[in-house]
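What follows is the content of data.txt, which has compact mmCIF, C-alpha atoms:
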# COMPACT_ATOMS: atom_id res chain seq x y z
CA MET A 1 294.16 102.47 123.53
CA LEU A 2 293.41 99.26 121.66
CA THR A 3 290.29 98.77 123.76
CA TYR A 4 288.68 101.88 122.11
CA LEU A 5 289.14 100.55 118.60
CA ASN A 6 286.22 99.04 116.72
CA ASN A 7 287.55 96.68 114.06
CA GLY A 8 290.72 98.73 114.01
CA THR A 9 288.84 102.08 113.68
CA LEU A 10 288.86 104.86 116.24
CA THR A 11 285.53 106.76 116.31
CA LEU A 12 285.45 110.24 117.81
CA GLU A 13 282.25 112.08 118.86
CA ILE A 14 282.80 115.85 118.96
CA HIS A 15 280.41 118.45 120.49
CA LEU A 16 280.87 122.12 119.55
CA ARG A 17 279.39 125.11 121.34
CA THR A 18 279.67 128.79 120.50
CA ASN A 19 279.64 131.60 123.02
CA LYS A 20 278.83 134.29 120.42
CA GLN A 21 275.86 136.42 121.41
CA VAL A 22 273.11 136.56 118.78
CA ASP A 23 271.55 139.99 118.34
CA PRO A 24 267.74 139.94 118.59
CA ALA A 25 265.93 140.74 115.36
CA SER A 26 265.52 144.49 115.13
CA PHE A 27 262.09 145.98 114.46
CA VAL A 28 261.94 148.48 111.61
CA PRO A 29 258.51 150.04 111.02
CA SER A 30 257.27 150.54 107.46
CA ASN A 31 256.61 153.86 105.81
CA PRO A 32 253.52 155.28 107.58
CA CYS A 33 252.45 157.50 104.67
CA SER A 34 249.64 155.26 103.40
CA GLY A 35 248.21 154.71 106.86
CA ASN A 36 248.43 158.40 107.69
CA LEU A 37 246.59 159.32 104.50
CA LEU A 38 243.76 156.99 105.40
CA LYS A 39 243.44 158.71 108.77
CA GLY A 40 242.46 161.84 106.85
CA PHE A 41 239.79 160.09 104.80
CA ASN A 42 236.55 162.08 104.92
CA ASP A 43 237.91 164.09 107.86
CA GLU A 44 236.44 167.58 107.77
CA GLU A 45 239.26 169.17 109.78
CA MET A 46 241.94 167.77 107.44
CA SER A 47 240.05 168.68 104.26
CA ASP A 48 239.72 171.81 102.16
CA VAL A 49 236.96 170.79 99.74
CA ALA A 50 233.51 169.25 100.18
CA PHE A 51 231.06 167.44 97.92
CA GLU A 52 227.34 166.82 98.24
CA VAL A 53 226.63 163.51 96.56
CA GLY A 54 223.16 162.21 95.84
CA GLY A 55 219.93 163.26 94.28
CA GLU A 56 219.24 161.47 91.03
CA VAL A 57 221.17 158.33 90.15
CA GLU A 58 220.77 156.37 86.92
CA SER A 59 219.13 152.99 87.37
CA ALA A 60 221.35 150.07 86.43
CA ALA A 61 218.48 148.13 84.91
CA ASN A 62 217.20 150.99 82.75
CA ARG A 63 219.33 154.07 82.20
CA ARG A 64 216.26 156.16 81.35
CA LYS A 65 214.98 155.75 84.88
CA ARG A 66 216.55 157.67 87.75
CA ALA A 67 216.43 156.73 91.41
CA LYS A 68 216.36 159.26 94.23
CA THR A 69 219.05 159.03 96.91
CA THR A 70 219.61 160.99 100.09
CA PRO A 71 222.38 163.57 99.57
CA THR A 72 225.55 162.84 101.56
CA THR A 73 228.41 165.25 102.25
CA PHE A 74 232.02 164.09 101.77
CA HIS A 75 235.20 165.95 102.66
CA ALA A 76 238.55 165.63 100.91
CA GLY A 77 241.95 167.21 100.41
CA HIS A 78 242.31 168.98 97.08
CA LEU A 79 245.95 167.95 96.65
CA ILE A 80 245.08 164.27 97.08
CA LEU A 81 242.33 164.61 94.48
CA LYS A 82 244.65 166.43 92.10
CA LEU A 83 247.07 163.50 92.22
CA ASN A 84 244.50 160.69 92.10
CA ALA A 85 241.25 162.07 90.65
CA PRO A 86 242.25 165.03 88.45
CA ALA A 87 238.84 165.52 86.85
CA LEU A 88 237.20 165.67 90.29
CA ALA A 89 239.86 168.09 91.52
CA ASP A 90 239.11 170.40 88.60
CA MET A 91 235.53 170.74 89.83
CA CYS A 92 236.50 172.50 93.06
CA ARG A 93 238.87 175.00 94.63
CA PRO A 94 240.67 174.49 97.95
CA GLY A 95 239.28 176.61 100.74
CA ASN A 96 235.94 177.23 99.05
CA GLU A 97 233.30 176.77 101.73
CA ALA A 98 230.56 175.91 99.24
CA THR A 99 229.99 172.21 98.67
CA VAL A 100 230.27 170.93 95.12
CA PRO A 101 227.13 169.05 93.98
CA ILE A 102 227.74 165.63 92.41
CA ASP A 103 224.77 164.09 90.63
CA GLY A 104 224.45 160.72 88.95
CA VAL A 105 226.63 158.88 91.47
CA ASP A 106 225.43 156.75 94.37
CA PRO A 107 226.91 158.01 97.67
CA GLU A 108 228.26 154.54 98.55
CA VAL A 109 230.06 154.34 95.20
CA PHE A 110 231.49 157.83 95.70
CA LYS A 111 232.68 156.80 99.17
CA MET A 112 234.52 153.77 97.75
CA MET A 113 236.04 155.94 95.05
CA LEU A 114 237.21 158.58 97.54
CA TYR A 115 238.57 155.87 99.85
CA PHE A 116 240.61 154.51 96.95
CA CYS A 117 242.04 157.98 96.29
CA TYR A 118 243.33 158.00 99.87
CA GLY A 119 245.19 154.75 99.35
CA GLY A 120 242.48 152.38 100.52
CA LYS A 121 241.58 149.11 98.84
CA VAL A 122 238.15 148.32 97.45
CA GLY A 123 237.37 144.65 98.06
CA LYS A 124 236.61 142.25 95.22
CA GLU A 125 233.08 141.67 96.52
CA GLU A 126 232.38 145.41 96.46
CA LEU A 127 233.87 145.67 92.98
CA ALA A 128 231.73 142.78 91.77
CA ALA A 129 228.53 144.17 93.26
CA ASN A 130 229.09 147.68 91.88
CA ALA A 131 231.32 147.08 88.84
CA LYS A 132 229.50 149.21 86.27
CA ALA A 133 228.69 152.00 88.73
CA ILE A 134 232.36 152.16 89.80
CA ILE A 135 233.52 152.13 86.19
CA GLU A 136 231.12 154.97 85.38
CA ALA A 137 232.29 157.13 88.29
CA ALA A 138 236.00 156.31 87.96
CA ASP A 139 235.90 157.03 84.23
CA ARG A 140 234.10 160.31 84.87
CA PHE A 141 236.57 161.55 87.49
CA GLY A 142 239.83 160.20 86.04
CA ILE A 143 240.58 157.43 88.55
CA VAL A 144 242.14 155.06 86.03
CA ASN A 145 243.42 152.28 88.30
CA LEU A 146 240.09 151.86 90.07
CA LYS A 147 238.30 151.78 86.73
CA LEU A 148 240.61 149.01 85.48
CA GLN A 149 240.21 147.02 88.70
CA ALA A 150 236.44 147.13 88.32
CA GLU A 151 236.79 146.23 84.64
CA ALA A 152 238.91 143.18 85.50
CA VAL A 153 236.23 141.93 87.91
CA LEU A 154 233.46 142.65 85.40
CA THR A 155 235.38 140.74 82.72
CA GLU A 156 235.89 137.78 85.03
CA GLN A 157 232.29 137.54 86.23
CA THR A 158 230.51 138.14 82.91
CA GLU A 159 229.50 135.13 80.86
CA VAL A 160 229.37 136.28 77.25
CA THR A 161 226.57 134.72 75.18
CA VAL A 162 225.13 135.24 71.72
CA ASP A 163 222.19 137.08 73.28
CA ASN A 164 224.20 139.57 75.38
CA MET A 165 227.30 139.83 73.22
CA LEU A 166 226.28 142.95 71.28
CA ASP A 167 225.09 144.93 74.32
CA ASN A 168 228.30 144.11 76.19
CA LEU A 169 230.40 145.03 73.15
CA LEU A 170 228.77 148.44 72.72
CA TYR A 171 229.09 149.12 76.47
CA ALA A 172 232.77 148.12 76.54
CA ASN A 173 233.49 150.33 73.53
CA SER A 174 231.68 153.33 75.06
CA LYS A 175 233.83 153.18 78.21
CA ASN A 176 237.14 152.17 76.57
CA LEU A 177 237.12 148.85 78.44
CA ALA A 178 239.76 147.19 76.28
CA LEU A 179 240.11 144.07 78.45
CA PHE A 180 236.37 143.42 78.58
CA GLN A 181 236.12 144.12 74.87
CA GLU A 182 238.93 141.65 74.16
CA LYS A 183 236.99 138.89 75.94
CA ILE A 184 233.94 139.64 73.81
CA MET A 185 236.01 139.70 70.63
CA ASP A 186 237.48 136.30 71.52
CA PHE A 187 233.94 135.01 71.91
CA VAL A 188 232.99 136.39 68.50
CA ALA A 189 236.05 134.79 66.88
CA GLU A 190 235.31 131.41 68.48
CA ASN A 191 231.56 131.41 67.84
CA GLY A 192 231.23 133.03 64.44
CA ASP A 193 229.01 130.23 63.11
CA ARG A 194 226.49 130.81 65.93
CA ILE A 195 226.54 134.60 65.54
CA VAL A 196 226.21 134.98 61.77
CA GLY A 197 222.53 135.42 60.90
CA ASN A 198 221.52 135.82 64.55
CA VAL A 199 223.20 139.10 65.48
CA SER A 200 223.09 142.33 63.48
CA PHE A 201 226.25 144.43 63.40
CA ASP A 202 224.57 147.43 61.74
CA ASP A 203 224.93 149.58 64.88
CA VAL A 204 228.51 148.52 65.63
CA PRO A 205 231.08 151.33 65.17
CA GLY A 206 233.46 150.73 62.29
CA ASN A 207 236.55 150.76 64.53
CA LEU A 208 235.37 147.54 66.20
CA ILE A 209 235.54 145.58 62.96
CA SER A 210 239.34 145.86 63.13
CA ASP A 211 239.30 144.34 66.63
CA ILE A 212 237.11 141.47 65.45
CA LEU A 213 239.51 140.72 62.59
CA THR A 214 242.43 140.88 65.01
CA ALA A 215 240.77 138.34 67.32
CA VAL A 216 240.13 136.00 64.39
CA ALA A 217 243.70 136.36 63.09
CA ARG A 218 245.13 135.87 66.58
CA GLY A 219 243.11 132.68 66.95
CA LYS A 220 244.51 131.31 63.71
CA ARG A 221 248.05 132.25 64.71
CA SER A 222 247.71 130.43 68.04
CA ILE A 223 247.03 127.27 66.07
CA SER A 224 249.71 127.62 63.39
CA GLU A 225 252.37 130.02 64.62
CA SER A 226 252.91 132.54 67.40
CA ALA A 227 253.13 136.24 66.66
CA PRO A 228 256.44 138.04 67.16
CA GLU A 229 256.83 139.39 70.70
CA ASP A 230 257.14 142.97 69.41
CA ASP A 231 254.09 142.76 67.09
CA LEU A 232 251.73 145.20 68.77
CA LYS A 233 248.85 144.35 66.44
CA PHE A 234 248.38 140.91 67.96
CA MET A 235 249.48 141.68 71.51
CA ARG A 236 247.04 141.03 74.34
CA VAL A 237 245.53 143.98 76.18
CA GLY A 238 247.24 142.97 79.43
CA GLU A 239 250.67 143.09 77.79
CA LEU A 240 249.92 146.39 76.04
CA ARG A 241 248.95 147.94 79.37
CA LYS A 242 252.02 146.53 81.08
CA GLN A 243 254.32 148.03 78.46
CA LEU A 244 252.58 151.40 78.74
CA HIS A 245 252.78 151.28 82.53
CA ASP A 246 256.49 150.40 82.46
CA LYS A 247 257.11 153.43 80.24
CA GLY A 248 255.08 155.73 82.49
CA LEU A 249 252.37 156.22 79.85
CA CYS A 250 248.59 156.28 80.17
CA ILE A 251 247.08 152.78 80.27
CA ASP A 252 243.46 153.87 79.88
CA GLY A 253 242.19 153.76 76.34
CA SER A 254 241.07 151.62 73.47
CA ARG A 255 243.30 148.95 71.98
CA ASP A 256 244.04 151.14 68.95
CA ALA A 257 244.89 154.11 71.19
CA MET A 258 247.32 152.02 73.26
CA ILE A 259 249.05 150.64 70.16
CA ALA A 260 249.36 154.15 68.70
CA LEU A 261 250.80 155.51 71.96
CA LEU A 262 253.38 152.73 72.17
CA GLY A 263 254.30 153.32 68.53
CA GLU A 264 254.77 157.05 69.09
CA ASN A 265 256.88 156.39 72.16
CA SER A 266 259.11 153.91 70.32
CA ALA A 267 259.58 156.36 67.46
CA SER A 268 260.46 159.11 69.94
CA ASP A 269 263.00 156.85 71.67
CA GLU A 270 264.61 156.00 68.34
CA THR A 271 264.82 159.68 67.38
CA GLY A 272 266.41 160.52 70.73
CA ALA A 273 268.94 157.71 70.34
CA LEU A 274 269.93 158.96 66.87
CA GLU A 275 270.39 162.53 68.13
CA THR A 276 272.73 161.39 70.89

What is this structure when it is put down as C-alpha cells?
Amino acid sequence: MLTYLNNGTLTLEIHLRTNKQVDPASFVPSNPCSGNLLKGFNDEEMSDVAFEVGGEVESAANRRKRAKTTPTTFHAGHLILKLNAPALADMCRPGNEATVPIDGVDPEVFKMMLYFCYGGKVGKEELAANAKAIIEAADRFGIVNLKLQAEAVLTEQTEVTVDNMLDNLLYANSKNLALFQEKIMDFVAENGDRIVGNVSFDDVPGNLISDILTAVARGKRSISESAPEDDLKFMRVGELRKQLHDKGLCIDGSRDAMIALLGENSASDETGALET
C-alpha cells in the first residue's frame, strides 16, 4: 500500500459512465398560418375580390405630371383586407365579379402592399427605393404598419438641409409622419441660426410651431435636466408609439394626436379605477 503513496498522499483517479438513454431532440413545427396565408397571395381561386391597378400614376419628381402604366389585375381575400387594409376592403364586396379600378398607384407598389397584407415582408431596399410611393398607398388604404416601416426608412435615408427642410416638413405634416417630422424639428432646433432669415415659415401650419418649440425645449432639457418619464409633451415619437401600441391604441397620427389619445386613455383608466 505504501508503494502507491506520493509524499504520503494517496491519489485516486475515478472514471464515471452513465447508462441512461438520452432522448433525441423532438421536432415541433411552428404555426403554419403565416406560410399558408402567403400561399393564397394573388391566387385567383382562393380570392373573392379583384383589383385593376394602373393607368395614371403621379410622378415622384413633379406631382402635376402623371405617368401611364399598364393595368395589372390583382386578386385578394376580402377578409384579409378587412383585417389589414380596411379602407381597401371598403372599396369592394366579396363575390363581386367586377374588378375594382385603382388609380394613382404603381402596380409594383400595390403588389408589395398586398403582399404585406398577407403576412409577407417588404425588404429594406424596396422600402428605400419606393418610400414615398408606399407611404402614399399605405396611408390611403389604412395599412398603418407598412406606412410606418416606410417612414422609418425615409427618415433614416433623408439628409435634412436648410434648402430641403421646409419641403420635407410640409410633406411630413401632410401625411402625419410624426417620426420624420421629429427629425426635421430636431434639425430646426439645432440650426436655428442658419435658418432664420433664409427660410420663410409663412406657409407653415400653425400647429407645427408647437412642435418646433417642443424640439427647442427638449434640446435645452437634454443639456440641463431630463424630462420626467411620464411627461408626454417632451416624449419622443418612438416612445409615444410604443405606449399606444402596448395599450392597443392607434399609433398612426400626429404628435399632438398621439399625446391626446394617451391622455384620454389615462383619464379613462383612472375613472374606471375609481368606479371599482

Restricting the calculation to all atoms listed in the file, which member of A:Ile143, A:Ala150, A:Ala25, A:Cys92 is positioned closest to Met113 (chain A)?
->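 Using all atoms listed in the file, the shortest distance to Met113 (chain A) belongs to A:Ile143.
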
Give me, please, the distance in Å between CA of Met185 (chain A) and CA of Arg241 (chain A), quoted to one decimal.
->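 Result for CA of Met185 (chain A) versus CA of Arg241 (chain A): 17.7 Å, one decimal.
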
How many Å separate CA of Ile259 (chain A) from CA of Lys124 (chain A)?
->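 Atom-to-atom, CA of Ile259 (chain A) and CA of Lys124 (chain A) are spaced 29.2 Å apart.
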
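Straight-line separation from CA of Asn176 (chain A) to CA of Glu126 (chain A): 21.5 Å.
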
Contact residues around Lys111 (chain A) with only C-alpha atoms at 12 Å, ignoring same-chain residues under 2 positions, as a list in words |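 These residues fall inside the cut-off: Phe41, Asn42, Phe51, Glu52, Val53, Gly54, Thr72, Thr73, Phe74, His75, Ala76, Val105, Asp106, Pro107, Glu108, Val109, Met113, Leu114, Tyr115, Phe116, Cys117, Tyr118, Gly120, Lys121, Val122, Glu126, Ile134, Ala137 and Ala138 of chain A.
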
Just write the chosen residues, C-alpha atoms, as a PDB file, in the frame of the given file.
ATOM      1  CA  PHE A  41     239.790 160.090 104.800  1.00  0.00           C
ATOM      2  CA  ASN A  42     236.550 162.080 104.920  1.00  0.00           C
ATOM      3  CA  PHE A  51     231.060 167.440  97.920  1.00  0.00           C
ATOM      4  CA  GLU A  52     227.340 166.820  98.240  1.00  0.00           C
ATOM      5  CA  VAL A  53     226.630 163.510  96.560  1.00  0.00           C
ATOM      6  CA  GLY A  54     223.160 162.210  95.840  1.00  0.00           C
ATOM      7  CA  THR A  72     225.550 162.840 101.560  1.00  0.00           C
ATOM      8  CA  THR A  73     228.410 165.250 102.250  1.00  0.00           C
ATOM      9  CA  PHE A  74     232.020 164.090 101.770  1.00  0.00           C
ATOM     10  CA  HIS A  75     235.200 165.950 102.660  1.00  0.00           C
ATOM     11  CA  ALA A  76     238.550 165.630 100.910  1.00  0.00           C
ATOM     12  CA  VAL A 105     226.630 158.880  91.470  1.00  0.00           C
ATOM     13  CA  ASP A 106     225.430 156.750  94.370  1.00  0.00           C
ATOM     14  CA  PRO A 107     226.910 158.010  97.670  1.00  0.00           C
ATOM     15  CA  GLU A 108     228.260 154.540  98.550  1.00  0.00           C
ATOM     16  CA  VAL A 109     230.060 154.340  95.200  1.00  0.00           C
ATOM     17  CA  MET A 113     236.040 155.940  95.050  1.00  0.00           C
ATOM     18  CA  LEU A 114     237.210 158.580  97.540  1.00  0.00           C
ATOM     19  CA  TYR A 115     238.570 155.870  99.850  1.00  0.00           C
ATOM     20  CA  PHE A 116     240.610 154.510  96.950  1.00  0.00           C
ATOM     21  CA  CYS A 117     242.040 157.980  96.290  1.00  0.00           C
ATOM     22  CA  TYR A 118     243.330 158.000  99.870  1.00  0.00           C
ATOM     23  CA  GLY A 120     242.480 152.380 100.520  1.00  0.00           C
ATOM     24  CA  LYS A 121     241.580 149.110  98.840  1.00  0.00           C
ATOM     25  CA  VAL A 122     238.150 148.320  97.450  1.00  0.00           C
ATOM     26  CA  GLU A 126     232.380 145.410  96.460  1.00  0.00           C
ATOM     27  CA  ILE A 134     232.360 152.160  89.800  1.00  0.00           C
ATOM     28  CA  ALA A 137     232.290 157.130  88.290  1.00  0.00           C
ATOM     29  CA  ALA A 138     236.000 156.310  87.960  1.00  0.00           C
TER      30      ALA A 138
END

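Residues with any atom within 12 Å of the point (241.4, 153.4, 69.8), counting all atoms listed in the file, are A:Asn173, A:Ser174, A:Lys175, A:Asn176, A:Leu177, A:Ala178, A:Gln181, A:Pro205, A:Gly206, A:Asn207, A:Leu208, A:Ile209, A:Ser210, A:Asp211, A:Ile251, A:Asp252, A:Gly253, A:Ser254, A:Arg255, A:Asp256, A:Ala257, A:Met258, A:Ile259, A:Ala260, A:Leu261.
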
Produce a file of the selected residues containing C-alpha atoms, as a PDB file, keeping the file's coordinate frame.
ATOM      1  CA  ASN A 173     233.490 150.330  73.530  1.00  0.00           C
ATOM      2  CA  SER A 174     231.680 153.330  75.060  1.00  0.00           C
ATOM      3  CA  LYS A 175     233.830 153.180  78.210  1.00  0.00           C
ATOM      4  CA  ASN A 176     237.140 152.170  76.570  1.00  0.00           C
ATOM      5  CA  LEU A 177     237.120 148.850  78.440  1.00  0.00           C
ATOM      6  CA  ALA A 178     239.760 147.190  76.280  1.00  0.00           C
ATOM      7  CA  GLN A 181     236.120 144.120  74.870  1.00  0.00           C
ATOM      8  CA  PRO A 205     231.080 151.330  65.170  1.00  0.00           C
ATOM      9  CA  GLY A 206     233.460 150.730  62.290  1.00  0.00           C
ATOM     10  CA  ASN A 207     236.550 150.760  64.530  1.00  0.00           C
ATOM     11  CA  LEU A 208     235.370 147.540  66.200  1.00  0.00           C
ATOM     12  CA  ILE A 209     235.540 145.580  62.960  1.00  0.00           C
ATOM     13  CA  SER A 210     239.340 145.860  63.130  1.00  0.00           C
ATOM     14  CA  ASP A 211     239.300 144.340  66.630  1.00  0.00           C
ATOM     15  CA  ILE A 251     247.080 152.780  80.270  1.00  0.00           C
ATOM     16  CA  ASP A 252     243.460 153.870  79.880  1.00  0.00           C
ATOM     17  CA  GLY A 253     242.190 153.760  76.340  1.00  0.00           C
ATOM     18  CA  SER A 254     241.070 151.620  73.470  1.00  0.00           C
ATOM     19  CA  ARG A 255     243.300 148.950  71.980  1.00  0.00           C
ATOM     20  CA  ASP A 256     244.040 151.140  68.950  1.00  0.00           C
ATOM     21  CA  ALA A 257     244.890 154.110  71.190  1.00  0.00           C
ATOM     22  CA  MET A 258     247.320 152.020  73.260  1.00  0.00           C
ATOM     23  CA  ILE A 259     249.050 150.640  70.160  1.00  0.00           C
ATOM     24  CA  ALA A 260     249.360 154.150  68.700  1.00  0.00           C
ATOM     25  CA  LEU A 261     250.800 155.510  71.960  1.00  0.00           C
TER      26      LEU A 261
END

Best match for closeness to Glu97 (chain A) among A:Thr70, A:Ser266, A:Ser47, A:Ser30, counting only C-alpha atoms | A:Ser47

Closest to Asn168 (chain A) among A:Leu79, A:Leu38, A:Leu127, A:Val188, using only C-alpha atoms?
->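 Going through A:Leu79, A:Leu38, A:Leu127, A:Val188 one by one, the smallest distance to Asn168 (chain A) is for A:Val188.
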
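With all atoms listed in the file as the atoms that count, the minimum distance from Asp202 (chain A) to the choices A:Ala217, A:Leu232, A:Ile80, A:Leu166 is reached by A:Leu166.
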
Write out as an mmCIF file with C-alpha atoms, in the frame of the given file the residues lying within 10 Å of Glu156 (chain A), counting only C-alpha atoms and excluding same-chain residues fewer than 6 positions away.
data_model
loop_
_atom_site.group_PDB
_atom_site.id
_atom_site.type_symbol
_atom_site.label_atom_id
_atom_site.label_comp_id
_atom_site.auth_asym_id
_atom_site.auth_seq_id
_atom_site.Cartn_x
_atom_site.Cartn_y
_atom_site.Cartn_z
ATOM 1 C CA ALA A 128 231.730 142.780 91.770
ATOM 2 C CA ALA A 150 236.440 147.130 88.320
ATOM 3 C CA PHE A 180 236.370 143.420 78.580
ATOM 4 C CA LYS A 183 236.990 138.890 75.940
#

Closest of A:Val196, A:Leu170, A:Ile102, A:Ala85 to Asn145 (chain A), counting all atoms listed in the file, is A:Ala85

Can you work out which one of A:Arg140, A:Asn7, A:Glu190, A:Lys147 has the shortest atom-to-atom distance to Thr161 (chain A), counting all atoms listed in the file?
->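 Selected residue with least distance to Thr161 (chain A): A:Glu190.
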
Which neighbours of Ala89 (chain A) fall inside 10 Å, counting all atoms listed in the file, when residues of the same chain fewer than 2 positions from it are skipped, and could you give them as a ChimeraX atom specification?
-> /A:49,76-87,91-94,141-142

Print the selection's residues with C-alpha atoms to a file, as a PDB file, in the coordinates of the input.
ATOM      1  CA  VAL A  49     236.960 170.790  99.740  1.00  0.00           C
ATOM      2  CA  ALA A  76     238.550 165.630 100.910  1.00  0.00           C
ATOM      3  CA  GLY A  77     241.950 167.210 100.410  1.00  0.00           C
ATOM      4  CA  HIS A  78     242.310 168.980  97.080  1.00  0.00           C
ATOM      5  CA  LEU A  79     245.950 167.950  96.650  1.00  0.00           C
ATOM      6  CA  ILE A  80     245.080 164.270  97.080  1.00  0.00           C
ATOM      7  CA  LEU A  81     242.330 164.610  94.480  1.00  0.00           C
ATOM      8  CA  LYS A  82     244.650 166.430  92.100  1.00  0.00           C
ATOM      9  CA  LEU A  83     247.070 163.500  92.220  1.00  0.00           C
ATOM     10  CA  ASN A  84     244.500 160.690  92.100  1.00  0.00           C
ATOM     11  CA  ALA A  85     241.250 162.070  90.650  1.00  0.00           C
ATOM     12  CA  PRO A  86     242.250 165.030  88.450  1.00  0.00           C
ATOM     13  CA  ALA A  87     238.840 165.520  86.850  1.00  0.00           C
ATOM     14  CA  MET A  91     235.530 170.740  89.830  1.00  0.00           C
ATOM     15  CA  CYS A  92     236.500 172.500  93.060  1.00  0.00           C
ATOM     16  CA  ARG A  93     238.870 175.000  94.630  1.00  0.00           C
ATOM     17  CA  PRO A  94     240.670 174.490  97.950  1.00  0.00           C
ATOM     18  CA  PHE A 141     236.570 161.550  87.490  1.00  0.00           C
ATOM     19  CA  GLY A 142     239.830 160.200  86.040  1.00  0.00           C
TER      20      GLY A 142
END
